[in-house]
>>> print(open('final18.cif').read())   # mmCIF, C-alpha atoms and all ligand atoms
data_model
loop_
_atom_site.label_atom_id
_atom_site.label_comp_id
_atom_site.auth_asym_id
_atom_site.auth_seq_id
_atom_site.Cartn_x
_atom_site.Cartn_y
_atom_site.Cartn_z
CA MET A 21 27.65 -4.64 31.38
CA ALA A 22 26.71 -4.87 27.73
CA LYS A 23 23.27 -6.21 27.03
CA THR A 24 21.99 -8.42 24.25
CA TYR A 25 18.87 -7.61 22.24
CA ASN A 26 17.32 -10.51 24.11
CA ASP A 27 18.01 -8.88 27.51
CA ILE A 28 16.25 -5.71 26.40
CA TYR A 29 13.43 -7.68 24.78
CA MET A 30 12.78 -9.74 27.92
CA ASP A 31 12.80 -6.61 30.07
CA ALA A 32 10.38 -4.77 27.74
CA ARG A 33 8.04 -7.77 27.62
CA VAL A 34 7.77 -7.91 31.40
CA ARG A 35 7.17 -4.18 31.71
CA PHE A 36 4.57 -4.15 28.90
CA LYS A 37 2.81 -7.13 30.49
CA GLN A 38 2.75 -5.45 33.90
CA ALA A 39 1.32 -2.33 32.25
CA GLY A 40 -1.59 -4.38 30.92
CA ILE A 41 -0.63 -4.29 27.23
CA SER A 42 -2.41 -7.35 25.87
CA GLU A 43 -0.09 -8.08 22.92
CA TYR A 44 3.00 -7.43 25.06
CA SER A 45 5.37 -9.85 23.30
CA GLN A 46 4.45 -8.75 19.82
CA GLU A 47 4.56 -5.07 20.71
CA ALA A 48 7.97 -5.40 22.38
CA ARG A 49 9.35 -7.22 19.37
CA ILE A 50 7.95 -4.75 16.83
CA LEU A 51 9.09 -1.73 18.80
CA LEU A 52 12.61 -2.98 19.53
CA ALA A 53 13.09 -4.19 15.96
CA HIS A 54 12.00 -0.75 14.77
CA VAL A 55 14.57 0.99 17.00
CA ALA A 56 17.26 -1.36 15.62
CA GLY A 57 16.17 -0.63 12.05
CA LYS A 58 15.57 -4.36 11.55
CA LYS A 59 12.60 -6.35 10.34
CA PRO A 60 10.97 -8.33 13.21
CA GLU A 61 12.34 -11.61 11.79
CA GLU A 62 15.87 -10.14 11.57
CA PHE A 63 15.50 -8.96 15.14
CA TYR A 64 14.63 -12.49 16.23
CA ARG A 65 17.65 -13.85 14.37
CA ASP A 66 19.93 -11.34 16.12
CA LEU A 67 18.57 -11.73 19.66
CA ARG A 68 21.88 -13.10 20.99
CA LEU A 69 23.94 -10.18 19.67
CA TYR A 70 25.18 -7.43 21.93
CA THR A 71 23.64 -3.98 21.51
CA SER A 72 25.28 -0.56 21.76
CA THR A 73 24.72 1.91 24.57
CA LYS A 74 23.08 4.16 22.00
CA TYR A 75 20.59 1.42 21.10
CA GLU A 76 19.89 0.76 24.75
CA GLU A 77 19.13 4.44 25.38
CA GLU A 78 16.94 4.78 22.30
CA ALA A 79 15.08 1.59 23.16
CA GLU A 80 14.51 2.76 26.73
CA ALA A 81 13.08 6.08 25.52
CA MET A 82 10.63 4.28 23.21
CA ILE A 83 9.66 1.73 25.88
CA LYS A 84 8.89 4.62 28.26
CA ARG A 85 6.73 6.39 25.67
CA ARG A 86 4.79 3.17 25.10
CA LEU A 87 4.34 2.66 28.85
CA GLU A 88 3.01 6.21 29.11
CA GLY A 89 0.26 5.23 26.69
CA GLU A 90 1.48 6.32 23.27
CA PRO A 91 0.15 3.83 20.69
CA LEU A 92 2.65 1.55 18.97
CA ALA A 93 1.69 2.78 15.49
CA TYR A 94 2.74 6.36 16.32
CA LEU A 95 6.05 5.13 17.75
CA THR A 96 6.98 3.05 14.73
CA GLY A 97 5.17 5.18 12.15
CA ARG A 98 4.01 2.02 10.42
CA TRP A 99 0.83 -0.04 10.42
CA GLU A 100 -0.83 -2.70 8.33
CA PHE A 101 -4.39 -2.53 7.04
CA TYR A 102 -6.08 -5.18 4.92
CA GLY A 103 -2.63 -6.51 4.02
CA LEU A 104 -1.34 -3.10 2.91
CA PRO A 105 1.69 -1.54 4.62
CA LEU A 106 0.88 2.03 5.67
CA VAL A 107 2.78 5.00 6.99
CA ILE A 108 1.01 6.45 10.02
CA THR A 109 1.60 9.79 11.73
CA LYS A 110 -0.21 11.52 14.57
CA ASP A 111 -2.15 13.46 11.93
CA VAL A 112 -4.25 10.40 11.10
CA LEU A 113 -6.29 7.88 13.04
CA ILE A 114 -4.64 4.50 13.43
CA PRO A 115 -6.71 2.21 11.16
CA ARG A 116 -8.91 -0.06 13.27
CA ILE A 117 -9.53 -3.72 12.64
CA ASP A 118 -13.30 -2.90 12.44
CA THR A 119 -12.60 -0.68 9.47
CA GLU A 120 -11.29 -3.69 7.52
CA ILE A 121 -14.93 -4.86 7.43
CA VAL A 122 -15.85 -1.56 5.75
CA ALA A 123 -13.13 -2.07 3.15
CA GLU A 124 -14.16 -5.67 2.60
CA THR A 125 -17.85 -4.79 2.21
CA ALA A 126 -16.99 -2.10 -0.33
CA ILE A 127 -14.61 -4.36 -2.28
CA LYS A 128 -17.23 -7.12 -2.57
CA LEU A 129 -19.82 -4.65 -3.91
CA VAL A 130 -17.71 -3.57 -6.89
CA ARG A 131 -15.13 -6.33 -7.44
CA GLY A 132 -14.34 -6.93 -11.10
CA ARG A 133 -15.88 -3.64 -12.25
CA SER A 134 -14.11 -0.58 -13.56
CA VAL A 135 -15.43 1.88 -10.99
CA ARG A 136 -14.70 5.40 -9.72
CA VAL A 137 -14.75 5.52 -5.94
CA LEU A 138 -14.68 8.47 -3.53
CA ASP A 139 -13.31 7.99 0.01
CA LEU A 140 -14.50 10.87 2.20
CA CYS A 141 -12.55 11.69 5.40
CA CYS A 142 -9.84 9.39 4.08
CA GLY A 143 -7.23 9.96 6.83
CA SER A 144 -4.32 7.61 6.08
CA GLY A 145 -6.16 6.50 2.94
CA CYS A 146 -6.62 3.01 4.35
CA ILE A 147 -10.12 2.24 3.01
CA GLY A 148 -9.65 3.81 -0.42
CA LEU A 149 -6.25 2.22 -0.94
CA ALA A 150 -7.52 -1.21 0.12
CA ILE A 151 -10.22 -0.84 -2.56
CA ALA A 152 -7.69 0.34 -5.17
CA ALA A 153 -5.44 -2.62 -4.35
CA ASN A 154 -8.24 -5.18 -4.59
CA VAL A 155 -10.42 -3.84 -7.40
CA GLN A 156 -7.99 -3.84 -10.30
CA GLU A 157 -9.78 -1.39 -12.57
CA SER A 158 -10.88 1.06 -9.89
CA LYS A 159 -9.98 4.75 -9.74
CA LEU A 160 -9.96 6.39 -6.36
CA VAL A 161 -10.39 9.93 -5.12
CA LEU A 162 -9.30 10.34 -1.50
CA ALA A 163 -10.65 13.45 0.25
CA ASP A 164 -9.88 14.95 3.64
CA ASN A 165 -9.93 18.41 5.22
CA SER A 166 -6.45 17.97 6.69
CA ASP A 167 -3.40 18.76 4.56
CA ALA A 168 -1.27 16.67 6.88
CA ALA A 169 -3.59 13.66 6.48
CA LEU A 170 -3.59 14.06 2.68
CA LYS A 171 0.20 14.01 2.73
CA VAL A 172 0.08 10.68 4.58
CA ALA A 173 -2.55 9.33 2.15
CA ARG A 174 -0.37 10.34 -0.81
CA THR A 175 2.68 8.67 0.73
CA ASN A 176 0.66 5.50 1.24
CA ALA A 177 -0.59 5.54 -2.36
CA VAL A 178 3.03 5.70 -3.54
CA LEU A 179 4.19 3.08 -1.03
CA ASN A 180 1.58 0.64 -2.38
CA ARG A 181 2.20 1.57 -6.04
CA LEU A 182 -1.36 2.81 -6.40
CA SER A 183 -0.68 6.47 -7.18
CA SER A 184 -1.52 6.16 -10.89
CA ARG A 185 -5.13 5.26 -9.99
CA THR A 186 -5.43 7.51 -6.95
CA SER A 187 -5.83 11.24 -6.47
CA CYS A 188 -6.00 13.16 -3.22
CA ILE A 189 -8.04 16.33 -2.77
CA LYS A 190 -8.66 18.70 0.08
CA SER A 191 -12.37 18.89 0.93
CA ASP A 192 -14.52 20.04 3.79
CA VAL A 193 -16.96 17.15 3.98
CA LEU A 194 -19.27 19.12 6.30
CA GLY A 195 -19.91 21.44 3.34
CA ALA A 196 -20.82 20.73 -0.28
CA PRO A 197 -18.15 19.77 -2.87
CA GLU A 198 -16.41 22.96 -3.97
CA ILE A 199 -14.80 21.71 -7.14
CA PHE A 200 -15.96 19.49 -9.97
CA LEU A 201 -15.09 15.92 -9.10
CA GLY A 202 -17.13 14.03 -11.69
CA ALA A 203 -19.46 11.13 -10.97
CA PHE A 204 -18.75 8.11 -8.80
CA ASP A 205 -19.96 4.51 -8.61
CA MET A 206 -19.34 4.32 -4.88
CA ILE A 207 -18.74 6.63 -1.93
CA VAL A 208 -17.12 5.15 1.19
CA SER A 209 -16.57 6.93 4.45
CA ASN A 210 -15.41 6.32 7.99
CA PRO A 211 -16.18 9.84 9.18
CA PRO A 212 -15.61 11.23 12.67
CA TYR A 213 -18.59 9.87 14.64
CA ILE A 214 -17.93 10.31 18.35
CA LYS A 215 -20.34 12.73 20.09
CA THR A 216 -18.43 15.85 21.19
CA ALA A 217 -19.50 15.24 24.80
CA ASP A 218 -18.08 11.70 24.70
CA ILE A 219 -14.57 12.72 23.61
CA ALA A 220 -13.49 13.42 27.21
CA GLY A 221 -14.42 9.86 28.21
CA LEU A 222 -12.43 8.12 25.47
CA ASP A 223 -9.53 5.87 26.39
CA PRO A 224 -6.48 8.10 27.08
CA SER A 225 -4.48 6.25 24.40
CA VAL A 226 -7.04 7.57 21.91
CA ARG A 227 -7.93 10.93 23.46
CA GLU A 228 -4.40 12.07 24.14
CA TYR A 229 -2.71 10.86 20.98
CA GLU A 230 -5.12 10.51 18.08
CA PRO A 231 -6.33 13.55 16.10
CA ILE A 232 -9.58 14.85 17.63
CA GLY A 233 -10.63 16.19 14.22
CA ALA A 234 -10.84 12.57 13.02
CA LEU A 235 -13.07 11.56 15.94
CA ASP A 236 -15.45 14.43 16.74
CA GLY A 237 -18.74 13.99 14.90
CA GLY A 238 -20.46 16.99 16.49
CA GLU A 239 -23.11 17.14 19.19
CA SER A 240 -25.06 14.13 17.91
CA GLY A 241 -22.02 12.37 16.45
CA LEU A 242 -23.96 12.30 13.16
CA ASP A 243 -22.94 15.58 11.50
CA PHE A 244 -20.84 13.95 8.80
CA TYR A 245 -23.52 11.40 7.87
CA GLU A 246 -26.03 14.23 7.51
CA SER A 247 -23.72 16.27 5.30
CA ILE A 248 -22.59 13.37 3.12
CA CYS A 249 -26.19 12.25 2.49
CA LYS A 250 -27.31 15.81 1.82
CA ASN A 251 -24.34 17.24 -0.11
CA TRP A 252 -22.21 14.45 -1.54
CA VAL A 253 -24.57 11.69 -2.63
CA ARG A 254 -25.47 13.78 -5.67
CA LEU A 255 -22.07 12.77 -7.07
CA LEU A 256 -23.19 9.13 -7.19
CA ASN A 257 -24.25 7.56 -10.46
CA GLU A 258 -27.62 5.84 -10.58
CA GLY A 259 -27.16 2.46 -8.89
CA GLY A 260 -24.10 3.75 -7.05
CA PHE A 261 -23.32 2.59 -3.51
CA LEU A 262 -22.77 4.53 -0.30
CA VAL A 263 -20.85 2.59 2.35
CA PHE A 264 -20.52 4.04 5.85
CA GLU A 265 -18.70 2.93 8.94
CA CYS A 266 -20.66 3.86 12.06
CA GLY A 267 -20.12 3.74 15.82
CA ILE A 268 -21.81 1.54 18.41
CA GLY A 269 -25.56 2.19 18.53
CA GLN A 270 -25.59 4.49 15.50
CA SER A 271 -26.67 2.14 12.72
CA MET A 272 -30.40 2.91 12.96
CA ASP A 273 -29.81 6.67 13.04
CA VAL A 274 -27.50 6.40 10.05
CA ARG A 275 -30.06 4.29 8.20
CA GLU A 276 -32.70 6.94 8.88
CA ILE A 277 -30.45 9.75 7.64
CA GLY A 278 -29.82 7.89 4.37
CA GLU A 279 -33.47 7.04 3.81
CA LYS A 280 -34.57 10.60 4.66
CA ASN A 281 -32.28 11.73 1.85
CA GLY A 282 -33.85 9.36 -0.68
CA LEU A 283 -31.31 6.53 -0.56
CA ASP A 284 -32.25 2.90 -0.72
CA TYR A 285 -31.10 1.02 2.37
CA ILE A 286 -29.34 -2.21 1.41
CA LYS A 287 -27.84 -3.78 4.52
CA ILE A 288 -25.98 -3.52 7.78
CA VAL A 289 -22.80 -5.55 8.28
CA LYS A 290 -21.60 -6.48 11.77
CA ASP A 291 -18.00 -6.42 12.95
CA THR A 292 -16.13 -9.28 14.65
CA LEU A 293 -17.66 -8.31 18.01
CA ASP A 294 -21.17 -8.56 16.53
CA ILE A 295 -21.65 -4.78 16.57
CA ASP A 296 -23.46 -3.10 13.64
CA ARG A 297 -20.47 -1.44 11.96
CA VAL A 298 -21.23 -0.86 8.28
CA VAL A 299 -24.35 0.62 6.69
CA VAL A 300 -24.80 0.25 2.92
CA PHE A 301 -27.15 2.28 0.72
CA ARG A 302 -27.79 2.47 -2.98
CA LYS A 303 -28.86 5.44 -5.05
CA LEU A 304 -31.71 4.49 -7.33
N1 LIG B 401 -13.49 3.78 15.93
C1 LIG B 401 -12.85 4.95 16.41
C2 LIG B 401 -12.72 4.88 17.93
O1 LIG B 401 -13.43 4.17 18.55
C3 LIG B 401 -13.59 6.20 16.00
C4 LIG B 401 -13.48 6.40 14.54
C5 LIG B 401 -14.32 7.50 14.03
O2 LIG B 401 -14.78 8.43 14.73
N2 LIG B 401 -14.53 7.41 12.79
O3 LIG B 401 -11.86 5.51 18.50
#
>>> encode(input="final18.cif", output="structure tokens", more="lines below")
Ligand code: GLN
Amino acid sequence: MAKTYNDIYMDARVRFKQAGISEYSQEARILLAHVAGKKPEEFYRDLRLYTSTKYEEEAEAMIKRRLEGEPLAYLTGRWEFYGLPLVITKDVLIPRIDTEIVAETAIKLVRGRSVRVLDLCCGSGCIGLAIAANVQESKLVLADNSDAALKVARTNAVLNRLSSRTSCIKSDVLGAPEIFLGAFDMIVSNPPYIKTADIAGLDPSVREYEPIGALDGGESGLDFYESICKNWVRLLNEGGFLVFECGIGQSMDVREIGEKNGLDYIKIVKDTLDIDRVVVFRKL
């Protein structure tokens, strides 16, 4: 018997709930709207309509992938960060809500100024693009060692009409800058910071789907902080800011790395769970 969108929606909700997905209603709606090629509000409007067998099959395949642990963002290929729509592929980390605090901290530091900003390990470009969107006169350089990630970042710059103030460059952040990039007023980075030994213990939805290269911060988890402070801070103008995201329990180590490299520690900002999440320095 033919099913309505509502039949499929109700079924997906129950199965997502049983699987322990906390936002089960929202996820079911977003996923099923995506399969239908509709916006979530259009999907709601059309709940009483009958679907095709093809839709039913496609929806079932997506529901199964979600139940097996694949994150919603990789299934829909879309995500929102700091109010910006983003394209997301398995080549980039899914932007975390914690990282919005990094973007916000950075935006507040330079708002209203015509600044050049470098986003190291940019991934989807989420932090850099949030800055570009909210600091009108800013110019952004987004750097990553992954060609696939840079392609996503470029797509997101275009999607948000920020490409005229944004450039993307391939860089190995664990080494020194290889090409002339000019001077910057701020460097921001959410680098890989998980200790290599801790990768195996990550939640399967992260470990099995997200790019390990965006997570693995080396034996201590601090390799990227060391390299950025040693090799990249020289690109900062006098008075320029360095804004890092860090992992749980890393803020003091990160502070020490910055200070050891001659930076002035400014502050630590906590995330919504009261965890030290952002470390800010200034180059004097
Ligand atoms: N916050 C991410 C996680 O917990 C890690 C991000 C990173 O290594 N930069 O999975």
>>> closest_residue(input="final18.cif", among="A:Asn257, A:Asn251, A:Ser144, A:Thr71", to="Gly195 of chain A", atoms="only C-alpha atoms")
A:Asn251
>>> residues_near_ligand(input="final18.cif", ligand="ligand LIG 401 (chain B)", cutoff="6 Å", atoms="only C-alpha atoms and all ligand atoms", output="count of residues only")
7
>>> residues_around(input="final18.cif", residues="Asp111 of chain A", least_positions_apart="2", cutoff="12 Å", atoms="all atoms listed in the file", output="list in words")
Ala93, Tyr94, Gly97, Val107, Ile108, Thr109, Leu113, Ile114, Cys142, Gly143, Ser144, Asp164, Asn165, Ser166, Asp167, Ala168, Ala169, Leu170, Lys171, Val172, Ala173, Tyr229, Glu230, Pro231, Ile232, Gly233, Ala234 and Leu235 of chain A
>>> atom_distance(input="final18.cif", atom1="atom CA of Asn154 of chain A", atom2="atom CA of Phe301 of chain A")
21.0 Å
>>> atom_distance(input="final18.cif", atom1="atom CA of Ala56 of chain A", atom2="atom CA of Tyr29 of chain A")
11.8 Å
>>> atom_distance(input="final18.cif", atom1="atom CA of Ile83 of chain A", atom2="atom CA of Pro224 of chain A")
17.4 Å
>>> closest_residue(input="final18.cif", among="A:Ile199, A:Glu88, A:Asp291, A:Met206", to="Ile127 of chain A", atoms="only C-alpha atoms")
A:Met206
>>> closest_residue(input="final18.cif", among="A:Ala123, A:Val298, A:Ile41, A:Leu293", to="Glu90 of chain A", atoms="only C-alpha atoms")
A:Ile41
>>> closest_residue(input="final18.cif", among="A:Leu51, A:Ala152, A:Ile295, A:Leu162", to="Ser209 of chain A", atoms="all atoms listed in the file")
A:Leu162
>>> closest_residue(input="final18.cif", among="A:Gln270, A:Phe36, A:Asp27, A:Glu239", to="Asp66 of chain A", atoms="all atoms listed in the file")
A:Asp27
>>> closest_residue(input="final18.cif", among="A:Ala203, A:Ile189, A:Ile121, A:Leu106", to="Val137 of chain A", atoms="all atoms listed in the file")
A:Ala203
>>> residues_around(input="final18.cif", residues="Gly260 of chain A", least_positions_apart="4", cutoff="6 Å", atoms="only C-alpha atoms", output="NGL selection string")
:A and (205-206 or 256 or 302-303)
>>> closest_atom_pairs(input="final18.cif", of="segment 62-124 of chain A", to="segment 263-266 of chain A", cutoff="12 Å", atoms="only C-alpha atoms", output="CSV")
residue,atom,partner,partner_atom,distance
A:Arg116,CA,A:Glu265,CA,11.1
A:Ile117,CA,A:Glu265,CA,11.9
A:Asp118,CA,A:Glu265,CA,8.7
A:Thr119,CA,A:Glu265,CA,7.1
A:Glu120,CA,A:Glu265,CA,10.0
A:Ile121,CA,A:Glu265,CA,8.8
A:Val122,CA,A:Glu265,CA,6.2
A:Ala123,CA,A:Val263,CA,9.1
A:Glu124,CA,A:Val263,CA,10.6
>>> decode(input="final18.cif", residues="segment 190-217 of chain A", atoms="N, CA, C and O atoms", output="compact mmCIF listing (two decimals), in the first residue's frame")
# COMPACT_ATOMS: atom_id res chain seq x y z
N LYS A 190 47.03 25.60 -0.34
CA LYS A 190 47.45 24.32 0.23
C LYS A 190 48.70 24.55 1.08
O LYS A 190 49.67 25.15 0.61
N SER A 191 48.66 24.10 2.32
CA SER A 191 49.82 24.30 3.21
C SER A 191 49.93 23.16 4.19
O SER A 191 48.93 22.68 4.72
N ASP A 192 51.16 22.77 4.44
CA ASP A 192 51.42 21.78 5.48
C ASP A 192 51.72 22.57 6.76
O ASP A 192 52.80 23.12 6.92
N VAL A 193 50.75 22.61 7.64
CA VAL A 193 50.87 23.46 8.84
C VAL A 193 51.93 22.91 9.82
O VAL A 193 52.47 23.64 10.64
N LEU A 194 52.26 21.63 9.68
CA LEU A 194 53.30 21.06 10.55
C LEU A 194 54.69 21.52 10.12
O LEU A 194 55.67 21.34 10.84
N GLY A 195 54.78 22.13 8.94
CA GLY A 195 56.05 22.70 8.48
C GLY A 195 55.93 24.22 8.49
O GLY A 195 54.94 24.78 8.96
N ALA A 196 56.96 24.88 7.95
CA ALA A 196 56.92 26.34 7.87
C ALA A 196 56.21 26.74 6.57
O ALA A 196 56.13 25.95 5.64
N PRO A 197 55.70 28.00 6.49
CA PRO A 197 55.05 28.45 5.25
C PRO A 197 56.03 28.34 4.08
O PRO A 197 57.18 28.75 4.21
N GLU A 198 55.57 27.78 2.97
CA GLU A 198 56.48 27.57 1.84
C GLU A 198 56.43 28.68 0.82
O GLU A 198 57.33 28.85 0.02
N ILE A 199 55.32 29.42 0.83
CA ILE A 199 55.22 30.52 -0.12
C ILE A 199 54.95 31.82 0.63
O ILE A 199 54.52 31.81 1.78
N PHE A 200 55.19 32.94 -0.06
CA PHE A 200 54.97 34.24 0.58
C PHE A 200 53.48 34.50 0.73
O PHE A 200 52.74 34.48 -0.25
N LEU A 201 53.05 34.71 1.95
CA LEU A 201 51.62 34.92 2.18
C LEU A 201 51.31 36.33 2.66
O LEU A 201 50.14 36.69 2.80
N GLY A 202 52.37 37.11 2.93
CA GLY A 202 52.14 38.45 3.46
C GLY A 202 51.92 38.41 4.96
O GLY A 202 52.04 37.36 5.59
N ALA A 203 51.56 39.56 5.53
CA ALA A 203 51.39 39.65 6.98
C ALA A 203 49.91 39.60 7.34
O ALA A 203 49.05 39.98 6.54
N PHE A 204 49.65 39.15 8.55
CA PHE A 204 48.26 38.99 9.00
C PHE A 204 48.02 39.72 10.33
O PHE A 204 48.94 39.88 11.13
N ASP A 205 46.78 40.10 10.55
CA ASP A 205 46.38 40.72 11.82
C ASP A 205 45.86 39.69 12.80
O ASP A 205 45.73 39.96 13.99
N MET A 206 45.52 38.52 12.27
CA MET A 206 45.03 37.46 13.16
C MET A 206 45.25 36.10 12.48
O MET A 206 45.08 35.98 11.27
N ILE A 207 45.64 35.12 13.32
CA ILE A 207 45.67 33.73 12.86
C ILE A 207 44.67 32.97 13.73
O ILE A 207 44.67 33.13 14.96
N VAL A 208 43.80 32.20 13.11
CA VAL A 208 42.86 31.35 13.86
C VAL A 208 43.11 29.91 13.45
O VAL A 208 43.48 29.64 12.31
N SER A 209 42.92 29.00 14.40
CA SER A 209 43.08 27.61 14.02
C SER A 209 42.34 26.67 14.97
O SER A 209 42.42 26.81 16.18
N ASN A 210 41.64 25.72 14.37
CA ASN A 210 41.11 24.57 15.10
C ASN A 210 41.86 23.38 14.51
O ASN A 210 41.37 22.71 13.61
N PRO A 211 43.09 23.15 15.01
CA PRO A 211 43.91 22.12 14.38
C PRO A 211 43.51 20.73 14.88
O PRO A 211 42.74 20.63 15.85
N PRO A 212 44.01 19.66 14.26
CA PRO A 212 43.79 18.34 14.84
C PRO A 212 44.44 18.32 16.22
O PRO A 212 45.58 18.75 16.36
N TYR A 213 43.71 17.86 17.25
CA TYR A 213 44.30 17.90 18.60
C TYR A 213 44.07 16.65 19.43
O TYR A 213 44.31 16.63 20.63
N ILE A 214 43.56 15.60 18.82
CA ILE A 214 43.38 14.36 19.57
C ILE A 214 44.72 13.61 19.60
O ILE A 214 45.41 13.54 18.58
N LYS A 215 45.09 13.07 20.79
CA LYS A 215 46.33 12.28 20.87
C LYS A 215 46.16 11.04 19.99
O LYS A 215 45.08 10.42 20.01
N THR A 216 47.21 10.66 19.27
CA THR A 216 47.12 9.50 18.37
C THR A 216 46.56 8.28 19.10
O THR A 216 45.69 7.57 18.58
N ALA A 217 47.01 8.06 20.34
CA ALA A 217 46.58 6.88 21.10
C ALA A 217 45.09 6.94 21.47
O ALA A 217 44.50 5.90 21.79
